[in-house]
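Student: Pasting in a structure now, in structure tokens, and then I'll have a few things to ask.
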Amino acid sequence: MSESDQETGIVGTQAETSEWTQELGHGERGHGDSGRERHATLRLPEGVVLDPDDIDVETPDDDTMIINMGPQHPSTHGVLRLMMELDGETVLRVKPIVGYLHTGMEKTAEELTYVQGGTNVTRMDYLSPLNNELVFSLATEALLGVELPPRAVWIRMLLSELQRMSSHLMWMATNGMDLGSTTMMIFGFREREMLLAFFEKTTGLRMNHNFIRPGGTAADLPDGWEDDVAVICDTVIDRVDTYDELLTGQPIFERRVKGVGAITAEEALALSATGPILRSTGVAWDLRRHMPYLAYDEVDFDVIVGTYGDNFDRYSIRLEEIRQSIRIVRQVLEKMPPGDYRVQDKKVTPPPRGRIDESMEALIHHFKIFTEGLKVPEGEVYVAVESPRGELGCYMVSDGSGKPYRMHIRAPSFVNLQSVPVLLRGGLVADAIATLSSVDPVLGEVDR
Amino acid sequence: MTADQEVLFPGRGEYHQVAADHRRAGFALLSDLCGVDYLTHPGRTLPAEVAPERFEVACVLVNLGERRRVRLRVQVPESDPVVPTLWDLYPGAEALEREAFDMFGIRFEDHPDLTRILMPDEWEGHPLRKDYGVGRVPVQFKEAPGPR
């Protein structure tokens, strides 16, 4: 679509209704100095020139309609608003509008000590809170320069993989619902419930655990955790086969997802997409394998990639990643080393409860850590882990005090949302919901 | 301390060129970009040739083939908080640069749509700046119930 066509398309709509001008008009709101171009919502990477005839448009351009999906639309997985330009049933341009859930968590993080910080970051991506705690703790530990005992590392890896299973199961459920399979929704929630029950037993909470903390974990795994985890693995691997049977070969499902919402590897890379979106295009990029953290270089697993970058590939990747997570969890079960679950460094770890009753120094030490926080040396660090949604990064700046000077979370959902316009272009409105679901945005993390 | 990470400190003039060189060298993915306000920081460790300024833009480029990350840290003066955009090289920088603009008021020259992304459009100020007044909501406490 040429620039002039875009102009006439929007201006024509503006003339008819007064409301669109507020959203799409050229300024009046006082950002005139930034020289922005408000109409250009669909952008493609340099070198990938948009073919104006790539969509078979039946009606002239001035008949396009702009419609808002969300922010209260149940299929947008939270408070995401999509401003869509439609030509009949065909989606032309899309602009995701975010910020409805913005609560200033990065600002809050500057007011919380490193000990308290976990409670803040865990609320960002509420479907995989342990990964958020993990990246925050890894960043703090990188600045502190502490080496964790092996058991702490393996506990973290166990929880991280169980969390990936729970998040992907939740995705299978909601994606199934978006495509009209309520059976899949019930199944997904049912299996996730087992995992949440295990998290509750381990951490005390079903969500927002604050269990992985700088210096290790809050506690050791509960007695009998091996049996619980083995039961979870055995059950979920069977159930995943059921999903496979229910959805993968099913003609209705196949037609809804195959070839829909496709993206190329160049586009995905240029738009900084990571996680299943990038892997669905055939780029094997998984931080667990390619930039290993924790002990991922000591376990066997496959990095799952797709071929076409469509919704079906993203579905298959998540389904298979559940199996791979089970594979990792089973290896963790075998290899879990004995030892301490947190680092015995007096600067990082508070003294155990028993010592406080005996020793005045221990009491003071305990008090200091919890009131002033850990003293983290001055410096900057960027740490990234593979969350179920992609690269979850934490850029942490310390000024040597007990609170982070600046903590920035690179939220995978936030960055991945940029590929939505490319994924939706040329598709049908009915597929828009399924495609958006395949991006798996968690709005708590998008808006932070 | 930067924990064995590769960090470069290009000036504002070279920033775009340095990023373009990296992109040609195989750094195909821009994974993160954020602003930092060093207003109240007691003093950071910088190489001798880099003059510290109030703001900094830190972006992380990833080379998938070599499995390498490079972080570019650009000093941005308070009086003229403008840096060139990386959007023409990495379209994925768009939302991240909008966030940095929204939170710090750092303007990215030639960015196609430099508007607020998280805060409401009509919001005044840039919340993550260190001198941004964190507002308080006045709380009216009820009087304690009197003695019976």
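Following the order of the structure tokens, chains are lettered A, B, ..., residues in each are numbered from 1, and ligands are numbered from 1.
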Would you list the contacts of Leu278 of chain A as a list in words, taking every protein, DNA or RNA residue within 7 Å and counting only C-alpha atoms, but skipping same-chain residues closer than 3 positions in sequence?
Tutor: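 Non-adjacent residues within range: Ala265, Ala268, Leu269, Ala273, Thr274, Gly275, Thr281 and Val283 of chain A.
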Student: Within 6 Å of chain A, which residues of chain B are there when counting only C-alpha atoms? Please give them as a list of chain:residue names.
Tutor: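 Contact residues on the first chain: B:Met1, B:Thr2, B:Leu29, B:Leu30, B:Tyr90, B:Pro91, B:Gly92, B:Pro112, B:Asp113, B:Leu114, B:Leu118.
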Student: Near Gln163 of chain A, counting only C-alpha atoms, which residues have an atom at most 12 Å away, once you skip same-chain residues fewer than 2 positions from it, shown as JSON, numbers by chain?
Tutor: {"A": [125, 126, 127, 128, 129, 130, 131, 132, 133, 134, 156, 157, 158, 159, 160, 161, 165, 166, 167, 168, 169, 170, 192, 193, 194, 195, 196, 197, 198, 199, 206, 207, 208, 209, 321, 322, 325, 326, 329, 386, 387, 388, 389]}
Student: I'd like the neighbourhood of Glu372 of chain A as number ranges by chain, where a residue qualifies if any of its atoms comes within 10 Å (using only C-alpha atoms), though same-chain residues fewer than 5 positions away should be ignored.
Tutor: A: 112-115, 367, 401-403
Student: Write out as a list in words the residues lying within 7 Å of segment 227-241 of chain A, counting only C-alpha atoms and excluding same-chain residues fewer than 3 positions away.
Tutor: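 Using only C-alpha atoms, the neighbours found are Glu191, Met194, Gly224, Asp244, Glu245, Arg323 and Ile326 of chain A.
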Student: Quick one: write out the picked residues with N, CA and C atoms as a short mmCIF file (atom, residue, chain, number, x, y, z; two decimals), in the first residue's frame?
Tutor:
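Result written to result26.cif:
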```
data_model
loop_
_atom_site.label_atom_id
_atom_site.label_comp_id
_atom_site.auth_asym_id
_atom_site.auth_seq_id
_atom_site.Cartn_x
_atom_site.Cartn_y
_atom_site.Cartn_z
N GLU A 191 -4.27 -30.10 34.10
CA GLU A 191 -2.89 -30.50 34.30
C GLU A 191 -2.09 -29.41 35.00
N MET A 194 -2.10 -29.57 38.76
CA MET A 194 -1.14 -30.46 39.43
C MET A 194 0.16 -29.73 39.72
N GLY A 224 9.66 -35.88 50.03
CA GLY A 224 8.84 -36.61 49.07
C GLY A 224 8.65 -35.89 47.75
N ASP A 244 -2.20 -34.26 21.68
CA ASP A 244 -1.72 -34.51 20.34
C ASP A 244 -2.82 -35.17 19.51
N GLU A 245 -3.45 -36.16 20.14
CA GLU A 245 -4.52 -36.88 19.47
C GLU A 245 -5.72 -35.98 19.24
N ARG A 323 7.17 -31.78 26.40
CA ARG A 323 7.85 -33.09 26.48
C ARG A 323 9.32 -32.91 26.82
N ILE A 326 9.76 -32.19 30.43
CA ILE A 326 9.63 -33.41 31.23
C ILE A 326 10.94 -34.19 31.17
#
```
Student: Got a sec to tell me which of segment 51-126 of chain B DSSP assigns to strand (DSSP E or B), as a PyMOL selection string?
Tutor: chain B and resi 55-63+68-76+82-84+107-109
Student: For C-alpha atoms, I'd like the residues from the last selection saved as a PDB file, in the first residue's frame.
Tutor:
```
ATOM      1  CA  PHE B  55      21.499   9.764  30.926  1.00  0.00           C
ATOM      2  CA  GLU B  56      22.670   6.624  29.324  1.00  0.00           C
ATOM      3  CA  VAL B  57      21.115   4.415  26.702  1.00  0.00           C
ATOM      4  CA  ALA B  58      22.174   0.800  26.975  1.00  0.00           C
ATOM      5  CA  CYS B  59      21.356  -1.595  24.175  1.00  0.00           C
ATOM      6  CA  VAL B  60      22.258  -5.240  23.843  1.00  0.00           C
ATOM      7  CA  LEU B  61      23.062  -6.779  20.468  1.00  0.00           C
ATOM      8  CA  VAL B  62      23.248 -10.522  19.984  1.00  0.00           C
ATOM      9  CA  ASN B  63      25.232 -12.483  17.451  1.00  0.00           C
ATOM     10  CA  ARG B  68      27.960 -13.361  21.719  1.00  0.00           C
ATOM     11  CA  ARG B  69      26.342 -10.376  23.334  1.00  0.00           C
ATOM     12  CA  VAL B  70      27.634  -6.843  23.033  1.00  0.00           C
ATOM     13  CA  ARG B  71      26.276  -3.992  25.063  1.00  0.00           C
ATOM     14  CA  LEU B  72      26.505  -0.447  23.730  1.00  0.00           C
ATOM     15  CA  ARG B  73      26.340   2.278  26.328  1.00  0.00           C
ATOM     16  CA  VAL B  74      25.821   5.787  25.013  1.00  0.00           C
ATOM     17  CA  GLN B  75      26.144   8.869  27.174  1.00  0.00           C
ATOM     18  CA  VAL B  76      23.262  11.282  26.662  1.00  0.00           C
ATOM     19  CA  VAL B  82      18.711  13.095  21.718  1.00  0.00           C
ATOM     20  CA  VAL B  83      20.242   9.975  20.234  1.00  0.00           C
ATOM     21  CA  PRO B  84      19.863   8.527  16.754  1.00  0.00           C
ATOM     22  CA  ARG B 107      14.366  11.458  22.130  1.00  0.00           C
ATOM     23  CA  PHE B 108      15.347   9.105  19.363  1.00  0.00           C
ATOM     24  CA  GLU B 109      16.012  11.058  16.215  1.00  0.00           C
TER      25      GLU B 109
END
```
Student: Rank nothing, just name the residue among B:Ala51, B:Leu46, B:Ala95, B:Leu89 nearest to Ala28 of chain B, using only C-alpha atoms.
Tutor: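 Checking each candidate against Ala28 of chain B, we get B:Leu89 as the closest.
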Student: Between B:Pro147, B:Gly35, B:Pro127, B:Pro10, single out the one closest to Glu97 of chain B, counting only C-alpha atoms.
Tutor: B:Gly35
Student: Restricting the calculation to only C-alpha atoms: of B:Gln17, B:Phe104, B:Pro145, B:Arg98, which residue gets closest to Gly125 of chain B?
Tutor: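 Checking each of B:Gln17, B:Phe104, B:Pro145, B:Arg98 against Gly125 of chain B, counting only C-alpha atoms, the winner is B:Phe104.
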